[in-house]
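Everything on this sheet refers to the single structure shown next.
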Number of protein chains: 2
Amino acid sequence: MTAWIVAVGSELLTPFHVDTNSLVITERLNAIGCRVTRKLVVGDDAVELSRVLAGAVGEVDLVVCTGGLGPTADDVTRDALAGALGLPLDADEEVARAIRARFARRGVPMPEINMRQALVPRGAIVLQNEHGTAPGLWLDRPPTRFLLLPGPAREMTPLLERAVATHVASLSDGTRLVRRVVKVAGRPESDVDARAQPVYARWASQDVPIETTILASPGLVELHLTAREGQGQDAAAALDAAVGELRRALGASVFSDDRRSLEEVVGALLGSTRQTLAVAESCTGGLLTSRLTDVPGSSAYLNRSAVCYSNLAKIEWLSVPEALIAEHGAVSEPVARAMAEGVRAAAGADLGLAVTGIAGPGGGSAEKPVGTVAIAVVAGRREHVETFHFAGGRAQVKEQATRAGLNLLRQFLLDTVRPSD
Amino acid sequence: MTAWIVAVGSELLTPFHVDTNSLVITERLNAIGCRVTRKLVVGDDAVELSRVLAGAVGEVDLVVCTGGLGPTADDVTRDALAGALGLPLDADEEVARAIRARFARRGVPMPEINMRQALVPRGAIVLQNEHGTAPGLWLDRPPTRFLLLPGPAREMTPLLERAVATHVASLSDGTRLVRRVVKVAGRPESDVDARAQPVYARWASQDVPIETTILASPGLVELHLTAREGQGQDAAAALDAAVGELRRALGASVFSDDRRSLEEVVGALLGSTRQTLAVAESCTGGLLTSRLTDVPGSSAYLNRSAVCYSNLAKIEWLSVPEALIAEHGAVSEPVARAMAEGVRAAAGADLGLAVTGIAGPGGGSAEKPVGTVAIAVVAGRREHVETFHFAGGRAQVKEQATRAGLNLLRQFLLDTVRPSD
């Protein structure tokens, strides 16, 4: 089964907005085995939209359309669909009553234009919208079905769920796509690819073929594995085995196969081992702490954190010896180690994590160019200090240094938890 | 002049990826007066892509296509265009030489498959790619022209610039779209809309009509003003006047009309008045400091920052009296004020900024629900303390509290700089 997703709205044709509804819709359709073969964005233009919808008939099994169902003259999706298929628009009395009741409840007089939302292409089924006035529509006209959903995500998502369960799922052949996402930190994409390639080359010809996509962003590589379930084939089991093979090939650099972020994994490790953490940041400028505190409940293990750009701050809050900075420079392994131990001691925490580096664009030198970052983790007499060299501008260096810091902490914690790892 | 933008790549049809190249392309095309009327995403499927490209002929003036120009069998854009228009593919000797030279320079043997990149639909002009091996292509076949660009943004953007200047701009009728973005902090969207509506309602019927779009995200509202220039009409002057009207209607809550972010505006104010800042965060968890340090050169005015979740951290690093926390609670105006003054004094900075609140999901109470945030700015004997109530989950509260903190600091600085404001 195949689908097109059509997003309607002139704002989606400006340089400022991308359609994100289609990601949610794709995930839901994939889960019932429906493959998205085309996505389109059209403005609030009945002629253009009508052309797109008419062009879908016979080309694809399902069209999911979002937006353009509101009450104003800009909302053209109903008219465009009726026009494309040559169907008359009838006023639906039940929808009209619901819209009038909504206004009455709020004690607001109803502008007559709202009655446009009660218009329904003949043969379409109305999908009640609990979160807004614009109802969805389902038009079951083989060979091509149309599902019309409102644009705002909080109205779209529940209607999508209901419509897929009630109307769409039964059209699918029962196979569904199952996905795993294997997340890797601390290895460049080319290295991950070189190690994973021999593994996933074998999967394509298995009983349950597995497709692999590799996605890289600064400091993070994701491997997306997809298999199709059905006819007694166990896609989940095949994917579990595949994830195991990747973990063996990539070792401890794999930090998640369950969609969790690096900070969630680190938070869970700290929580389960009942250890507390203190952080000292220089070049990451608070980003590392912000990531840690994105996790609900992080205040249980994150005691405190200092962003110390100035040497004086490092000396006063983190007890870094002035002579150490003078001797090695603020961006150096000895200073990173002293910062980590200083913040740990000040906080009375179990662990200290420190990052010091040159985020750029200024501050670099021949010896220590922009992107040079020293990271230290300390816990009692255990410690790990490492220097990294990151490419890219200020934002990329901050991001990579943040991920490297979280990953170093994760690996440090794993050594503690499982010394044999 | 009208355009379609076609993004090619199977990964863009998964739930994990949106096409963002089209935003950059739209901006560039709008600047030469070209209107984008449709956007499409197609997988690495020569048949499907060929159908889309053939369907564009005669429907639109220009098709800009990104992706699918690499060397692998998955890269189908060249074949699809040739197939759609019935053109043979010729090997371009110059491109072939450049590809061979690239591999020779790196001392790597060239897999023969790379020669696919030298194939050119007959009549197309090759656009050299300085940042990768896949060249762009320009096919000038009225009524519909095709511009093929590589997918990676860092290769796509410079090729786009050159191709638009060299080949596309001359096709446009000379009118161009001019844009201003007015950014507003500290007012809800409905309030901005109520104040701005009477102003921009007048613009639609002016000599140079101005279109307005309102975009809201947590703690930030943007008004995008667009006017079309040409035939002696001065869109820039009309937009300058319009921005002035909006500034009068919205007062000091307008913080930028030149694309600058809140942290850039705050940084410039601190820099130009040669004042230094120290920050104490609780519920924003480092996000506010991270925003400040996103600005290059911020280490000149940001002395240091503390993220103090625990009461002990507030007492030790920020000298907040224990009794004050006991009496008012950690989330309170007196504690926010003490945190701001404490961090300012510790750092010897001119200004102190502090945020304390309940980001959720836990920690709320009937009296102080999740979203309650107290923010303080102090400078010598001047101070401002305010309590906010933000809606949404943890991420939204962090974001809104961060923006409110930066905005409060901005307004505090403006009072100093221009006491009559």
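Residues are referred to by chain and number: the chain letter is A, B, ... according to the order shown in the structure tokens, the number counts from 1 in that chain, and ligands are numbered separately from 1 in the order shown.
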Discussion item. So that I can check the secondary structure, give me every residue of segment 310-403 of chain A assigned strand (DSSP E) by backbone DSSP, as a VMD selection string.
Written reply: chain A and resid 351 to 357 372 to 379 382 to 389
Give the residues of chain B that lie within 7 Å of chain A; count only C-alpha atoms, and format the answer as a PDB file with C-alpha atoms, in the first residue's frame.
```pdb
ATOM      1  CA  LEU B  13      10.402   9.958   3.144  1.00  0.00           C
ATOM      2  CA  THR B  14      11.133   8.444   6.580  1.00  0.00           C
ATOM      3  CA  PRO B  15       9.733   9.767   9.881  1.00  0.00           C
ATOM      4  CA  PHE B  16      13.173  11.150  10.769  1.00  0.00           C
ATOM      5  CA  LEU B  23      14.062  26.937   2.796  1.00  0.00           C
ATOM      6  CA  VAL B  24      17.400  28.264   1.532  1.00  0.00           C
ATOM      7  CA  THR B  26      13.003  29.630  -1.425  1.00  0.00           C
ATOM      8  CA  GLU B  27      14.763  32.578   0.180  1.00  0.00           C
ATOM      9  CA  VAL B  36       7.604  28.915  -5.111  1.00  0.00           C
ATOM     10  CA  THR B  37       4.240  27.312  -5.856  1.00  0.00           C
ATOM     11  CA  ARG B  38       4.909  23.688  -4.989  1.00  0.00           C
ATOM     12  CA  LYS B  39       7.420  21.605  -3.056  1.00  0.00           C
ATOM     13  CA  LEU B  40       7.883  17.881  -3.541  1.00  0.00           C
ATOM     14  CA  VAL B  41       9.852  15.102  -1.907  1.00  0.00           C
ATOM     15  CA  VAL B  42      10.536  11.922  -3.891  1.00  0.00           C
ATOM     16  CA  GLY B  43      12.579   8.843  -2.966  1.00  0.00           C
ATOM     17  CA  GLY B 285      19.423  24.435  33.851  1.00  0.00           C
ATOM     18  CA  GLY B 286      22.156  26.123  31.810  1.00  0.00           C
ATOM     19  CA  LEU B 287      20.069  26.931  28.737  1.00  0.00           C
ATOM     20  CA  THR B 289      23.941  30.697  29.673  1.00  0.00           C
ATOM     21  CA  SER B 290      24.250  28.465  26.628  1.00  0.00           C
ATOM     22  CA  THR B 293      27.548  31.914  24.879  1.00  0.00           C
ATOM     23  CA  ASP B 294      26.233  31.089  21.406  1.00  0.00           C
ATOM     24  CA  PRO B 296      30.904  34.914  19.357  1.00  0.00           C
ATOM     25  CA  SER B 299      33.387  35.775  26.934  1.00  0.00           C
ATOM     26  CA  ASN B 303      32.123  36.538  33.405  1.00  0.00           C
ATOM     27  CA  ARG B 304      30.693  33.336  34.839  1.00  0.00           C
ATOM     28  CA  SER B 305      27.509  31.460  35.492  1.00  0.00           C
ATOM     29  CA  ALA B 306      26.246  28.951  38.028  1.00  0.00           C
ATOM     30  CA  VAL B 307      23.555  26.317  37.657  1.00  0.00           C
ATOM     31  CA  CYS B 308      22.468  25.713  41.244  1.00  0.00           C
ATOM     32  CA  TYR B 309      19.717  23.143  41.648  1.00  0.00           C
ATOM     33  CA  SER B 310      20.497  22.310  45.249  1.00  0.00           C
ATOM     34  CA  ALA B 313      24.799  25.305  45.989  1.00  0.00           C
ATOM     35  CA  PRO B 361       7.079  17.566  35.370  1.00  0.00           C
ATOM     36  CA  ALA B 395      11.219  21.902  27.464  1.00  0.00           C
TER      37      ALA B 395
END
```
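Summary of the local environment: counting only C-alpha atoms, residues at most 8 Å from Ala124 of chain A, other than itself and those fewer than 5 positions away along its chain, are Leu137, Trp138, Leu139 and Asp140 of chain A.
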Worksheet item: Near Ala376 of chain B, within 12 Å and counting only C-alpha atoms, which residues show up once chain neighbours fewer than 6 positions away are dropped, as a PyMOL selection string?
Response: chain B and resi 278-281+331-344+351-357+382-388+401+404-409+412
Those selected residues, please, written with N, CA, C and O atoms and delivered as a compact mmCIF listing (two decimals), in the first residue's frame.
```
# COMPACT_ATOMS: atom_id res chain seq x y z
N ALA B 278 26.98 38.34 35.29
CA ALA B 278 27.09 37.01 35.88
C ALA B 278 25.68 36.44 36.00
O ALA B 278 24.73 37.19 36.20
N VAL B 279 25.55 35.13 35.85
CA VAL B 279 24.22 34.51 35.76
C VAL B 279 24.10 33.37 36.77
O VAL B 279 25.06 32.62 36.97
N ALA B 280 22.94 33.27 37.40
CA ALA B 280 22.63 32.11 38.24
C ALA B 280 21.33 31.49 37.76
O ALA B 280 20.32 32.17 37.63
N GLU B 281 21.39 30.21 37.43
CA GLU B 281 20.21 29.53 36.89
C GLU B 281 19.79 28.39 37.80
O GLU B 281 20.64 27.68 38.33
N VAL B 331 11.87 28.81 45.03
CA VAL B 331 11.25 29.51 43.90
C VAL B 331 10.45 30.69 44.46
O VAL B 331 9.29 30.55 44.86
N SER B 332 11.08 31.84 44.53
CA SER B 332 10.44 33.04 45.09
C SER B 332 11.22 34.26 44.65
O SER B 332 12.40 34.16 44.28
N GLU B 333 10.57 35.41 44.69
CA GLU B 333 11.25 36.64 44.28
C GLU B 333 12.41 36.99 45.21
O GLU B 333 13.48 37.37 44.71
N PRO B 334 12.25 36.86 46.53
CA PRO B 334 13.40 37.19 47.39
C PRO B 334 14.62 36.31 47.08
O PRO B 334 15.76 36.80 47.08
N VAL B 335 14.39 35.02 46.84
CA VAL B 335 15.53 34.14 46.54
C VAL B 335 16.12 34.47 45.17
O VAL B 335 17.35 34.48 44.99
N ALA B 336 15.27 34.77 44.18
CA ALA B 336 15.79 35.15 42.86
C ALA B 336 16.68 36.38 42.99
O ALA B 336 17.79 36.43 42.42
N ARG B 337 16.21 37.37 43.78
CA ARG B 337 16.98 38.60 43.98
C ARG B 337 18.33 38.28 44.65
O ARG B 337 19.39 38.76 44.23
N ALA B 338 18.28 37.44 45.68
CA ALA B 338 19.52 37.09 46.40
C ALA B 338 20.48 36.32 45.51
O ALA B 338 21.71 36.51 45.58
N MET B 339 19.95 35.43 44.64
CA MET B 339 20.80 34.68 43.70
C MET B 339 21.49 35.64 42.72
O MET B 339 22.69 35.51 42.45
N ALA B 340 20.71 36.60 42.20
CA ALA B 340 21.27 37.54 41.22
C ALA B 340 22.37 38.39 41.87
O ALA B 340 23.45 38.58 41.30
N GLU B 341 22.09 38.89 43.07
CA GLU B 341 23.09 39.71 43.76
C GLU B 341 24.29 38.86 44.18
O GLU B 341 25.43 39.30 44.07
N GLY B 342 24.00 37.63 44.60
CA GLY B 342 25.09 36.75 45.03
C GLY B 342 26.05 36.41 43.90
O GLY B 342 27.27 36.46 44.08
N VAL B 343 25.52 36.09 42.74
CA VAL B 343 26.41 35.72 41.63
C VAL B 343 27.14 36.96 41.11
O VAL B 343 28.30 36.88 40.71
N ARG B 344 26.43 38.10 41.12
CA ARG B 344 27.07 39.35 40.69
C ARG B 344 28.27 39.67 41.58
O ARG B 344 29.38 39.96 41.10
N LEU B 351 26.42 43.39 36.43
CA LEU B 351 25.03 42.95 36.50
C LEU B 351 24.93 41.51 36.95
O LEU B 351 25.80 40.69 36.63
N GLY B 352 23.86 41.20 37.65
CA GLY B 352 23.55 39.82 37.99
C GLY B 352 22.16 39.47 37.47
O GLY B 352 21.23 40.28 37.55
N LEU B 353 22.03 38.27 36.89
CA LEU B 353 20.73 37.80 36.38
C LEU B 353 20.48 36.43 36.98
O LEU B 353 21.37 35.57 36.97
N ALA B 354 19.29 36.22 37.55
CA ALA B 354 18.99 34.92 38.15
C ALA B 354 17.60 34.44 37.77
O ALA B 354 16.67 35.24 37.63
N VAL B 355 17.49 33.14 37.57
CA VAL B 355 16.22 32.50 37.23
C VAL B 355 16.01 31.33 38.17
O VAL B 355 16.88 30.46 38.29
N THR B 356 14.89 31.30 38.86
CA THR B 356 14.56 30.13 39.69
C THR B 356 13.10 29.79 39.47
O THR B 356 12.24 30.67 39.44
N GLY B 357 12.81 28.52 39.27
CA GLY B 357 11.44 28.16 38.95
C GLY B 357 11.24 26.66 38.94
O GLY B 357 12.14 25.90 39.29
N ARG B 382 20.05 49.36 41.50
CA ARG B 382 18.89 49.13 40.63
C ARG B 382 18.56 47.65 40.66
O ARG B 382 19.45 46.80 40.66
N GLU B 383 17.30 47.32 40.59
CA GLU B 383 16.94 45.91 40.48
C GLU B 383 15.54 45.77 39.88
O GLU B 383 14.73 46.71 39.93
N HIS B 384 15.29 44.62 39.30
CA HIS B 384 13.96 44.31 38.81
C HIS B 384 13.70 42.84 39.07
O HIS B 384 14.53 41.99 38.73
N VAL B 385 12.58 42.53 39.71
CA VAL B 385 12.24 41.13 40.00
C VAL B 385 10.80 40.89 39.54
O VAL B 385 9.93 41.74 39.75
N GLU B 386 10.57 39.77 38.90
CA GLU B 386 9.25 39.52 38.35
C GLU B 386 8.96 38.01 38.38
O GLU B 386 9.86 37.20 38.20
N THR B 387 7.69 37.67 38.61
CA THR B 387 7.29 36.26 38.59
C THR B 387 6.45 35.98 37.35
O THR B 387 5.57 36.75 37.01
N PHE B 388 6.75 34.87 36.69
CA PHE B 388 6.06 34.46 35.46
C PHE B 388 5.36 33.13 35.67
O PHE B 388 5.75 32.34 36.54
N ALA B 401 11.30 30.49 29.96
CA ALA B 401 11.99 31.16 31.06
C ALA B 401 13.32 31.75 30.58
O ALA B 401 13.71 32.85 30.99
N ALA B 404 12.43 34.84 28.59
CA ALA B 404 11.98 35.89 29.50
C ALA B 404 13.16 36.49 30.25
O ALA B 404 13.23 37.72 30.45
N GLY B 405 14.11 35.66 30.66
CA GLY B 405 15.29 36.15 31.37
C GLY B 405 16.12 37.07 30.49
O GLY B 405 16.53 38.16 30.90
N LEU B 406 16.36 36.65 29.24
CA LEU B 406 17.13 37.47 28.32
C LEU B 406 16.39 38.78 28.03
O LEU B 406 17.00 39.85 27.93
N ASN B 407 15.07 38.68 27.89
CA ASN B 407 14.28 39.88 27.57
C ASN B 407 14.24 40.86 28.74
O ASN B 407 14.31 42.07 28.56
N LEU B 408 14.14 40.33 29.95
CA LEU B 408 14.14 41.20 31.13
C LEU B 408 15.48 41.93 31.23
O LEU B 408 15.53 43.13 31.52
N LEU B 409 16.55 41.20 30.96
CA LEU B 409 17.89 41.80 30.98
C LEU B 409 17.98 42.89 29.92
O LEU B 409 18.50 43.98 30.16
N PHE B 412 16.04 45.90 31.04
CA PHE B 412 16.78 46.52 32.14
C PHE B 412 17.94 47.35 31.57
O PHE B 412 18.17 48.48 31.98
```
Item to complete: Quote the spacing between atom CA of Leu269 of chain A and atom CA of Asp240 of chain A in Å to one decimal place.
Response: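 Interatomic distance, atom CA of Leu269 of chain A to atom CA of Asp240 of chain A: 22.3 Å.
Atom CA of Arg145 of chain A is found 9.7 Å from atom CA of Gly58 of chain A.
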Fill in: helix (DSSP H, G or I) residues, from DSSP on the backbone, in segment 180-363 of chain A, as a ChimeraX atom specification
/A:189-203,235-253,262-272,287-293,298-300,311-318,322-328,333-347
